[in-house]
Each structure stands twice: as structure tokens, then as C-alpha cells.
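Working notes, beginning with the structure itself.
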Amino acid sequence: MLRMMKSFLAHAVILVGIGIGGTASATEFMTEKELLSTIPGATLTGISNEDFETIWIQTYEHGDRSGTSSGFYGGSPYSSDWRVGRGLLCETWVTASGASDMG
């Protein structure tokens, strides 16, 4: 589960980077300001890099610097708490957590 969620988070970060008005790419990182203007209220979706088949979708509730999110990974529901701070997007799940350096 931890490996799956770390993989999911890594792909979510890439998709968020690509989705900012076409100015970011998978090789560029988002600033904390860009994260805070993108993550709250966003819905991300993608395909797992574990098997290149499993579809995931995650919706981040609106919040100032933190909030909750919910989603489905291969049809299985999950939820998490998210927060942005020190240039990082961090998420905590019931059984795993991960943080990505975004700046």
C-alpha cells in the first residue's frame, strides 16, 4: 500500500505540474504559491505506473493551506489529509503518507 500511494503521489505531482496553464512540465517544479493556487478544489486523475492500467482519481477539498481529499484507486475508495508548507505538498493516508519536494 505504501509503495502504491507513493507512486500515486509522484504521478499526481507531475499531472498538477502539467496542468498549470501549460507553463510547467514534468521536469519543472511548482512553487508553494503555485501549489496553493492549484491543489485546493482540484480533481486529478491518471493511470498507475505500477501496472499502467489501474485508473485513479482524487479530489482535493477547498482549504487555505490544508484540507482533506478523497478518491478511488482501481475502484477502491480512499481518503487523505493534505497540506502545503515549505514548498512541499504532503498527504497522509490511513496506512501511508508521502511528501513531494515541489521547489
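Labels for the C-alpha cells follow display order: chains A, B, ..., residues from 1 in each chain, ligands from 1.
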**OP:** Just the residues within 12 Å of Leu36 of chain A, please, counting only C-alpha atoms, with nothing from its chain fewer than 3 positions along; format it as a list in words.
**Re:**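 Close residues of Leu36 of chain A: Val16, Ile20, Met30, Thr31, Glu32, Lys33, Ile39, Pro40, Gly41, Ala42, Tyr60, His62, Gly63, Asp64, Arg65, Ser66, Gly67, Trp82, Arg83, Val84, Gly85, Arg86, Gly87, Leu88, Leu89 and Met102 of chain A.
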Original post:
Could you pull out all residues of segment 66-100 of chain A with a DSSP call of strand (DSSP E or B) and give them as a list in words?
Top reply: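 The strand (DSSP E or B) subset of segment 66-100 of chain A is Ser66, Gly67, Thr68, Ser69, Ser70, Gly71, Phe72, Tyr73, Ser76, Pro77, Tyr78, Ser79, Ser80, Asp81, Trp82, Arg83, Val84, Gly85, Leu88, Leu89, Cys90, Glu91, Thr92, Trp93, Ser97, Gly98, Ala99 and Ser100 of chain A.
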**OP:** Can you work out the spacing between atom CA of Trp56 of chain A and atom CA of Leu44 of chain A in Å, to one decimal?
**Re:**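 One can read the atom CA of Trp56 of chain A to atom CA of Leu44 of chain A distance as 8.2 Å.
Once Ser70 of chain A and its same-chain neighbours fewer than 2 positions away are set aside, Gln58, Thr59, Tyr60, Thr68, Phe72, Pro77, Tyr78, Ser79 and Ser80 of chain A remain within 8 Å of it when counting only C-alpha atoms.
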